[in-house]
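Student: Data file structure-v9.cif (mmCIF, C-alpha atoms) is appended below.
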```cif
data_my_file
#
loop_
_atom_site.label_atom_id
_atom_site.label_comp_id
_atom_site.auth_asym_id
_atom_site.auth_seq_id
_atom_site.Cartn_x
_atom_site.Cartn_y
_atom_site.Cartn_z
CA MET C 29 -8.87 -92.68 -22.19
CA ASP C 30 -11.70 -92.18 -19.66
CA THR C 31 -9.70 -93.92 -16.94
CA VAL C 32 -6.56 -91.87 -17.57
CA LYS C 33 -6.25 -88.58 -15.73
CA VAL C 34 -5.55 -85.53 -17.87
CA ALA C 35 -3.49 -82.41 -17.21
CA VAL C 36 -3.03 -79.21 -19.17
CA VAL C 37 0.35 -77.52 -18.78
CA THR C 38 0.90 -74.08 -20.28
CA GLY C 39 4.34 -72.90 -21.32
CA ALA C 40 5.18 -76.57 -21.79
CA ALA C 41 7.72 -76.42 -24.62
CA ARG C 42 10.68 -76.11 -22.27
CA GLY C 43 11.92 -75.53 -18.73
CA ILE C 44 9.56 -75.95 -15.80
CA GLY C 45 6.58 -76.58 -18.08
CA ARG C 46 8.24 -79.43 -19.92
CA ALA C 47 9.56 -80.98 -16.70
CA THR C 48 6.04 -80.79 -15.24
CA ALA C 49 4.55 -82.47 -18.30
CA GLU C 50 7.17 -85.23 -18.03
CA ARG C 51 6.28 -85.70 -14.34
CA PHE C 52 2.60 -86.21 -15.13
CA LEU C 53 3.42 -88.62 -17.96
CA LYS C 54 5.66 -90.61 -15.64
CA GLU C 55 2.67 -91.09 -13.34
CA GLY C 56 0.49 -92.36 -16.18
CA TRP C 57 -1.41 -89.15 -16.90
CA ALA C 58 -2.18 -87.75 -20.34
CA VAL C 59 -0.95 -84.20 -20.91
CA ALA C 60 -1.93 -81.36 -23.21
CA LEU C 61 1.05 -79.11 -23.86
CA LEU C 62 0.16 -75.47 -24.52
CA ASP C 63 2.76 -73.01 -25.76
CA ILE C 64 3.03 -70.04 -28.10
CA ASP C 65 6.32 -71.37 -29.52
CA ALA C 66 5.13 -73.67 -32.31
CA THR C 67 8.62 -74.91 -33.23
CA GLY C 68 9.68 -75.70 -29.67
CA LEU C 69 6.30 -77.25 -28.90
CA ARG C 70 6.47 -79.52 -31.94
CA ALA C 71 9.93 -80.75 -30.95
CA THR C 72 8.89 -81.40 -27.35
CA GLY C 73 5.72 -83.16 -28.43
CA LEU C 74 7.72 -85.56 -30.57
CA GLU C 75 10.16 -86.35 -27.76
CA LEU C 76 7.67 -87.14 -24.98
CA GLU C 77 6.28 -90.63 -24.46
CA PRO C 78 3.87 -92.31 -24.64
CA ARG C 79 2.84 -90.40 -27.77
CA GLU C 80 -0.85 -91.25 -27.42
CA HIS C 81 -0.91 -89.43 -24.08
CA VAL C 82 0.55 -86.19 -25.48
CA LEU C 83 -1.41 -83.41 -27.16
CA PRO C 84 0.61 -80.34 -28.27
CA VAL C 85 -1.54 -77.25 -28.83
CA VAL C 86 -0.16 -73.92 -30.04
CA CYS C 87 -1.81 -71.26 -27.89
CA ASP C 88 -1.24 -67.69 -26.75
CA VAL C 89 -2.64 -67.75 -23.22
CA SER C 90 -3.32 -64.01 -23.32
CA LYS C 91 -5.88 -64.47 -26.14
CA PRO C 92 -9.35 -65.60 -24.98
CA ALA C 93 -10.31 -67.20 -28.29
CA GLU C 94 -7.10 -69.23 -28.49
CA VAL C 95 -7.49 -70.43 -24.91
CA ALA C 96 -11.09 -71.48 -25.49
CA ALA C 97 -10.10 -73.35 -28.66
CA ALA C 98 -7.24 -75.11 -26.88
CA ILE C 99 -9.41 -76.37 -24.02
CA ALA C 100 -12.01 -77.48 -26.57
CA GLN C 101 -9.30 -79.58 -28.24
CA VAL C 102 -8.44 -81.14 -24.88
CA ASN C 103 -12.08 -82.02 -24.30
CA GLU C 104 -12.44 -83.47 -27.78
CA ARG C 105 -9.29 -85.58 -27.49
CA PHE C 106 -9.50 -86.76 -23.88
CA GLY C 107 -13.06 -86.01 -22.72
CA ARG C 108 -11.99 -84.85 -19.28
CA LEU C 109 -9.60 -82.58 -17.39
CA ASP C 110 -8.21 -83.24 -13.93
CA ALA C 111 -5.43 -80.66 -13.55
CA LEU C 112 -4.34 -77.33 -15.00
CA VAL C 113 -0.85 -75.95 -14.48
CA ASN C 114 -0.68 -72.25 -15.33
CA ASN C 115 3.05 -72.03 -16.02
CA ALA C 116 3.30 -69.79 -19.11
CA GLY C 117 4.97 -66.49 -18.34
CA ILE C 118 7.30 -63.80 -19.61
CA ALA C 119 9.69 -61.42 -17.91
CA ILE C 120 10.92 -57.94 -18.76
CA PHE C 121 13.55 -56.77 -16.29
CA LYS C 122 13.93 -53.00 -16.42
CA PRO C 123 14.05 -50.10 -13.96
CA ILE C 124 10.62 -48.68 -13.15
CA LEU C 125 11.19 -45.42 -14.98
CA GLU C 126 12.39 -47.25 -18.09
CA THR C 127 9.49 -49.71 -18.24
CA SER C 128 6.98 -48.63 -20.87
CA PHE C 129 3.24 -49.06 -20.51
CA GLU C 130 3.35 -51.47 -23.46
CA GLU C 131 5.91 -53.65 -21.67
CA TRP C 132 3.94 -53.49 -18.42
CA SER C 133 0.76 -54.48 -20.28
CA GLN C 134 2.48 -57.33 -22.13
CA VAL C 135 3.80 -58.90 -18.92
CA LEU C 136 0.44 -58.66 -17.15
CA ALA C 137 -1.41 -59.96 -20.21
CA VAL C 138 0.56 -63.21 -20.21
CA ASN C 139 1.39 -63.69 -16.53
CA LEU C 140 -1.93 -62.61 -15.00
CA ASN C 141 -4.58 -62.57 -17.72
CA GLY C 142 -3.29 -65.92 -18.97
CA VAL C 143 -3.88 -67.54 -15.59
CA PHE C 144 -7.37 -66.03 -15.41
CA LEU C 145 -8.33 -67.07 -18.95
CA CYS C 146 -7.00 -70.62 -18.78
CA SER C 147 -8.63 -71.21 -15.41
CA GLN C 148 -11.95 -69.83 -16.58
CA ALA C 149 -11.88 -72.13 -19.62
CA ALA C 150 -10.70 -75.23 -17.74
CA ALA C 151 -12.84 -75.08 -14.60
CA PRO C 152 -16.18 -75.98 -16.27
CA LEU C 153 -14.61 -79.15 -17.69
CA MET C 154 -13.30 -80.09 -14.24
CA LYS C 155 -16.65 -79.25 -12.68
CA LYS C 156 -18.35 -81.91 -14.81
CA HIS C 157 -16.41 -84.54 -12.87
CA GLY C 158 -16.90 -82.80 -9.53
CA ARG C 159 -13.22 -82.29 -8.83
CA GLY C 160 -9.93 -80.96 -10.18
CA SER C 161 -6.76 -79.13 -9.30
CA ILE C 162 -5.29 -75.88 -10.59
CA VAL C 163 -1.70 -74.94 -9.81
CA ASN C 164 -0.58 -71.42 -10.68
CA ILE C 165 3.14 -70.79 -11.07
CA ALA C 166 3.99 -67.46 -9.48
CA SER C 167 7.49 -66.54 -8.28
CA ILE C 168 9.44 -65.57 -5.23
CA SER C 169 9.29 -62.13 -6.86
CA GLY C 170 5.60 -62.10 -5.98
CA LEU C 171 6.44 -62.53 -2.30
CA ARG C 172 9.40 -60.17 -1.99
CA ALA C 173 10.27 -57.08 -3.98
CA SER C 174 13.46 -56.68 -5.96
CA THR C 175 14.95 -54.25 -8.42
CA LEU C 176 14.08 -54.35 -12.13
CA ARG C 177 10.87 -56.35 -11.54
CA VAL C 178 8.08 -53.79 -11.41
CA ALA C 179 5.96 -55.58 -14.03
CA TYR C 180 7.10 -59.16 -13.38
CA GLY C 181 6.95 -58.99 -9.59
CA THR C 182 3.60 -57.21 -9.59
CA SER C 183 2.12 -59.75 -12.00
CA LYS C 184 3.28 -62.64 -9.82
CA ALA C 185 1.98 -61.02 -6.63
CA ALA C 186 -1.37 -60.68 -8.37
CA VAL C 187 -1.28 -64.36 -9.34
CA ILE C 188 -0.80 -65.26 -5.67
CA HIS C 189 -3.91 -63.34 -4.68
CA LEU C 190 -5.85 -64.61 -7.71
CA THR C 191 -5.05 -68.10 -6.43
CA LYS C 192 -6.82 -67.30 -3.16
CA GLN C 193 -9.82 -65.85 -4.99
CA GLN C 194 -10.09 -68.93 -7.19
CA ALA C 195 -9.64 -71.33 -4.27
CA THR C 196 -12.39 -69.60 -2.29
CA GLU C 197 -15.01 -69.98 -5.02
CA LEU C 198 -13.92 -73.03 -6.99
CA GLY C 199 -13.37 -75.05 -3.83
CA ASN C 200 -17.16 -75.08 -3.50
CA VAL C 201 -17.39 -77.25 -6.62
CA GLY C 202 -14.47 -79.51 -5.73
CA ILE C 203 -11.70 -77.69 -7.60
CA ARG C 204 -8.62 -76.98 -5.49
CA VAL C 205 -6.39 -74.06 -6.47
CA ASN C 206 -2.87 -73.60 -5.17
CA CYS C 207 0.25 -71.71 -6.11
CA ILE C 208 3.96 -72.46 -6.43
CA ALA C 209 6.42 -69.60 -5.93
CA PRO C 210 9.79 -70.79 -7.24
CA GLY C 211 13.03 -69.10 -6.36
CA PRO C 212 15.91 -69.18 -8.86
CA VAL C 213 15.63 -72.27 -11.05
CA GLU C 214 18.32 -73.94 -13.15
CA THR C 215 16.81 -73.39 -16.59
CA ALA C 216 18.42 -72.74 -19.95
CA MET C 217 17.27 -69.11 -19.67
CA ALA C 218 18.87 -68.68 -16.24
CA GLN C 219 22.13 -70.14 -17.53
CA LEU C 220 22.02 -67.66 -20.38
CA VAL C 221 21.21 -64.44 -18.51
CA HIS C 222 22.59 -64.98 -15.00
CA SER C 223 26.20 -63.91 -14.82
CA ALA C 224 28.69 -65.59 -12.49
CA ASP C 225 28.29 -62.65 -10.10
CA ILE C 226 24.51 -63.01 -10.05
CA ARG C 227 24.74 -66.74 -9.43
CA THR C 228 27.18 -66.21 -6.57
CA SER C 229 24.88 -63.62 -5.00
CA TYR C 230 21.90 -65.99 -5.22
CA HIS C 231 23.92 -68.81 -3.70
CA ASP C 232 24.91 -66.55 -0.83
CA ALA C 233 21.28 -65.51 -0.23
CA ILE C 234 19.75 -69.01 -0.40
CA PRO C 235 20.30 -71.26 2.65
CA LEU C 236 20.54 -74.38 0.47
CA ASN C 237 23.24 -72.54 -1.53
CA ARG C 238 22.02 -73.54 -4.99
CA TYR C 239 19.33 -73.09 -7.61
CA ALA C 240 16.34 -75.43 -7.82
CA THR C 241 16.16 -77.98 -10.60
CA VAL C 242 13.14 -77.97 -12.90
CA GLN C 243 12.38 -81.47 -11.63
CA GLU C 244 12.08 -80.17 -8.05
CA ILE C 245 9.50 -77.61 -9.15
CA ALA C 246 7.66 -80.26 -11.15
CA ASP C 247 7.59 -82.57 -8.12
CA ALA C 248 5.96 -79.83 -6.04
CA VAL C 249 3.38 -79.17 -8.75
CA PHE C 250 2.51 -82.83 -9.07
CA PHE C 251 2.17 -83.19 -5.31
CA LEU C 252 -0.44 -80.40 -5.25
CA CYS C 253 -2.38 -82.15 -8.03
CA SER C 254 -2.13 -85.59 -6.46
CA GLU C 255 -4.23 -87.59 -4.03
CA ALA C 256 -1.69 -86.69 -1.33
CA ALA C 257 -2.91 -83.07 -1.34
CA THR C 258 -6.69 -83.42 -1.41
CA TYR C 259 -7.24 -81.01 1.52
CA ILE C 260 -4.75 -78.35 0.42
CA ASN C 261 -6.48 -75.35 -1.12
CA GLY C 262 -5.64 -71.66 -1.49
CA GLN C 263 -2.00 -72.04 -0.48
CA THR C 264 1.24 -70.62 -1.86
CA LEU C 265 4.21 -72.95 -1.56
CA ALA C 266 7.59 -71.24 -1.93
CA VAL C 267 9.92 -73.77 -3.53
CA ASP C 268 12.97 -71.61 -3.04
CA GLY C 269 15.54 -73.31 -0.82
CA GLY C 270 14.63 -70.95 2.04
CA PHE C 271 15.22 -67.75 0.05
CA ASP C 272 12.03 -66.02 1.20
CA ALA C 273 12.46 -67.14 4.82
CA THR C 274 15.96 -65.78 5.17
CA GLY C 275 15.62 -62.03 4.71
CA VAL C 276 19.05 -60.44 4.68
CA GLY C 277 21.70 -63.11 4.65
CA LEU C 278 25.15 -61.53 4.80
CA PRO C 279 27.85 -63.89 3.47
CA SER C 280 30.26 -62.83 6.23
CA LEU C 281 27.76 -63.87 8.91
CA ARG C 282 26.81 -67.12 7.21
CA LYS C 283 30.43 -68.27 7.30
CA ARG C 284 30.48 -68.26 11.10
#
```
Written as structure tokens, that's how I'd like the structure from this file.
Tutor:
Amino acid sequence: MDTVKVAVVTGAARGIGRATAERFLKEGWAVALLDIDATGLRATGLELEPREHVLPVVCDVSKPAEVAAAIAQVNERFGRLDALVNNAGIAIFKPILETSFEEWSQVLAVNLNGVFLCSQAAAPLMKKHGRGSIVNIASISGLRASTLRVAYGTSKAAVIHLTKQQATELGNVGIRVNCIAPGPVETAMAQLVHSADIRTSYHDAIPLNRYATVQEIADAVFFLCSEAATYINGQTLAVDGGFDATGVGLPSLRKR
């Protein structure tokens, strides 16, 4: 297994995390799948191939002891770590005045503390080999404000700056750290909670007039971890179909 590169992907039971794990496996990497959802993780672990390259680990990324134990399992199984994808996250969409401190704290614990904890645990293992790549999954909500996202948007904005802090220091030991800021993505959750009106509004606001696929996000993540991106460090790549670039896009003007 020493010649096989190894990635850790958090929040890997479904959605972007699973698609990212599949992308690494397709390229011949081994992947450790971290997720708090034991049932979903077990099912995903059984479906991915080749089985010997897959290590499912139940882990709450907001808990330091669980993160440390998970990375120790990765080291024991594979003996190395080349990439970490901090994808695990939660969202609570409420007006500011209706968001409780407990909800605020929960979102930041997973979305921000989780990135910090996983990176702190993974970096020493990468450092042993003199190189590695960390990709943090933020959100377009970290680049532009929106309603109902006081906790989520703030956590993702913090992840974007944390990426720069990590890149500045860890780059000195050969570990590159970058960030992906997805716009709306076609996930099972989006299909469940985005009404037809919401989808139409997003389509009107996005120049490419559609949601991203999870595979498109996974492709961007893999690029940043690949040999094609060895001089890219401390950057945030908005994979959003031009959503952030557009500003106000009035449907009546776009039809001209």
Student: I need the residue set behind the PyMOL selection byres ((chain C and resi 180) around 12) for this file; please write it as a compact mmCIF listing (two decimals) with C-alpha atoms, keeping the file's coordinate frame.
Tutor:
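Output contents, as saved in result-v8.txt:
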```
# COMPACT_ATOMS: atom_id res chain seq x y z
CA GLY C 117 4.97 -66.49 -18.34
CA ILE C 118 7.30 -63.80 -19.61
CA ALA C 119 9.69 -61.42 -17.91
CA ILE C 120 10.92 -57.94 -18.76
CA PHE C 121 13.55 -56.77 -16.29
CA LYS C 122 13.93 -53.00 -16.42
CA PRO C 123 14.05 -50.10 -13.96
CA ILE C 124 10.62 -48.68 -13.15
CA THR C 127 9.49 -49.71 -18.24
CA GLU C 131 5.91 -53.65 -21.67
CA TRP C 132 3.94 -53.49 -18.42
CA SER C 133 0.76 -54.48 -20.28
CA GLN C 134 2.48 -57.33 -22.13
CA VAL C 135 3.80 -58.90 -18.92
CA LEU C 136 0.44 -58.66 -17.15
CA ALA C 137 -1.41 -59.96 -20.21
CA VAL C 138 0.56 -63.21 -20.21
CA ASN C 139 1.39 -63.69 -16.53
CA LEU C 140 -1.93 -62.61 -15.00
CA ALA C 166 3.99 -67.46 -9.48
CA SER C 167 7.49 -66.54 -8.28
CA ILE C 168 9.44 -65.57 -5.23
CA SER C 169 9.29 -62.13 -6.86
CA GLY C 170 5.60 -62.10 -5.98
CA LEU C 171 6.44 -62.53 -2.30
CA ARG C 172 9.40 -60.17 -1.99
CA ALA C 173 10.27 -57.08 -3.98
CA SER C 174 13.46 -56.68 -5.96
CA THR C 175 14.95 -54.25 -8.42
CA LEU C 176 14.08 -54.35 -12.13
CA ARG C 177 10.87 -56.35 -11.54
CA VAL C 178 8.08 -53.79 -11.41
CA ALA C 179 5.96 -55.58 -14.03
CA GLY C 181 6.95 -58.99 -9.59
CA THR C 182 3.60 -57.21 -9.59
CA SER C 183 2.12 -59.75 -12.00
CA LYS C 184 3.28 -62.64 -9.82
CA ALA C 185 1.98 -61.02 -6.63
CA ALA C 186 -1.37 -60.68 -8.37
CA VAL C 187 -1.28 -64.36 -9.34
```
Student: Between atom CA of Thr264 of chain C and atom CA of Ser147 of chain C, measure the distance and give it in Å to one decimal.
Tutor: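 Atom CA of Ser147 of chain C lies at a distance of 16.8 Å from atom CA of Thr264 of chain C.
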Student: What do you get, as a PyMOL selection string, if you spell out every residue that the PyMOL selection byres ((chain C and resi 209-217) around 10) selects here?
Tutor: chain C and resi 42-44+164-171+184-185+187-188+207-208+218-222+227+230-231+234+238-245+248+264-272
Student: Given the choices C:Val36, C:Val205, C:Thr48, C:Thr191, which gets closest to Leu61 of chain C if the distance is worked out from all atoms listed in the file?
Tutor: C:Val36
Student: Please report the interatomic distance between atom CA of Asn103 of chain C and atom CA of Val32 of chain C in Å with one decimal.
Tutor: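 Result for atom CA of Asn103 of chain C versus atom CA of Val32 of chain C: 13.1 Å, one decimal.
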Student: Looking at C:Gly107, C:Glu130, C:Phe144, C:Val59, which one is nearest to Lys91 of chain C, with distances taken over only C-alpha atoms?
Tutor: C:Phe144
Student: If you measure from atom CA of His157 of chain C to atom CA of Gly73 of chain C, what distance in Å do you get, rounded to one decimal?
Tutor: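 If I compute the distance from atom CA of His157 of chain C to atom CA of Gly73 of chain C, I get 27.1 Å.
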Student: Smallest atom-to-atom distance to Gly56 of chain C: which of C:Arg70, C:Arg79, C:His189, C:Arg204, using only C-alpha atoms?
Tutor: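 For Gly56 of chain C, the nearest of the candidates is C:Arg79.
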Student: Looking at C:Pro152, C:Lys33, C:Ala58, C:Val163, which one is nearest to Phe250 of chain C, with distances taken over only C-alpha atoms?
Tutor: C:Val163
Student: With the PyMOL selection byres ((chain C and resi 86) around 8) as the selection, what would be picked from this file? Answer as a compact mmCIF listing (two decimals) with C-alpha atoms, in the coordinates of the input, please.
Tutor:
```txt
# COMPACT_ATOMS: atom_id res chain seq x y z
CA LEU C 62 0.16 -75.47 -24.52
CA ASP C 63 2.76 -73.01 -25.76
CA ILE C 64 3.03 -70.04 -28.10
CA ASP C 65 6.32 -71.37 -29.52
CA ALA C 66 5.13 -73.67 -32.31
CA LEU C 69 6.30 -77.25 -28.90
CA PRO C 84 0.61 -80.34 -28.27
CA VAL C 85 -1.54 -77.25 -28.83
CA CYS C 87 -1.81 -71.26 -27.89
CA ASP C 88 -1.24 -67.69 -26.75
CA ALA C 98 -7.24 -75.11 -26.88
```
Student: If I put a ball of radius 12 Å at (0.9, -91.1, -12.8) in the file's coordinates, which residues poke into it when counting only C-alpha atoms, written as a ChimeraX atom specification?
Tutor: /C:31-35,48-59,81,247,250-251,253-255
Student: Could you pull the residues within 8 Å of Arg159 of chain C, counting only C-alpha atoms, minus those fewer than 2 positions along the same chain, as JSON, numbers by chain?
Tutor: {"C": [110, 154, 155, 156, 157, 161, 201, 202, 203, 204]}
Student: Determine, counting only C-alpha atoms, every residue of protein, DNA or RNA that lies within 7 Å of (-6.5, -73.5, -1.1) in the file coordinates, then give the result as number ranges by chain.
Tutor: C: 192, 195, 204-206, 260-263
Student: For Ala41 of chain C, please output as a ChimeraX atom specification all residues within 6 Å (counting all atoms listed in the file; exclusion window: fewer than 4 positions along the same chain).
Tutor: /C:46,68-69,72
Student: Closest to Gly158 of chain C among C:Thr196, C:Arg108, C:Ala116, C:Asn141, using all atoms listed in the file?
Tutor: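 Among the listed residues, the smallest separation from Gly158 of chain C belongs to C:Arg108.
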Student: To test the calculation: enclose all listed atoms of segment 116-130 of chain C in a box whose edges run along x, y and z, add 5 Å on each side, then state centre and edge lengths in Å to one decimal, as lines of an AutoDock Vina configuration file.
Tutor:
```
center_x = 8.6
center_y = -57.6
center_z = -18.3
size_x = 20.8
size_y = 34.4
size_z = 20.3
```
Student: So which one's closest to Ala151 of chain C, C:Leu190, C:Phe129, C:Ala257, C:Gly199? Using only C-alpha atoms, please.
Tutor: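 Result for the nearest residue to Ala151 of chain C: C:Gly199.
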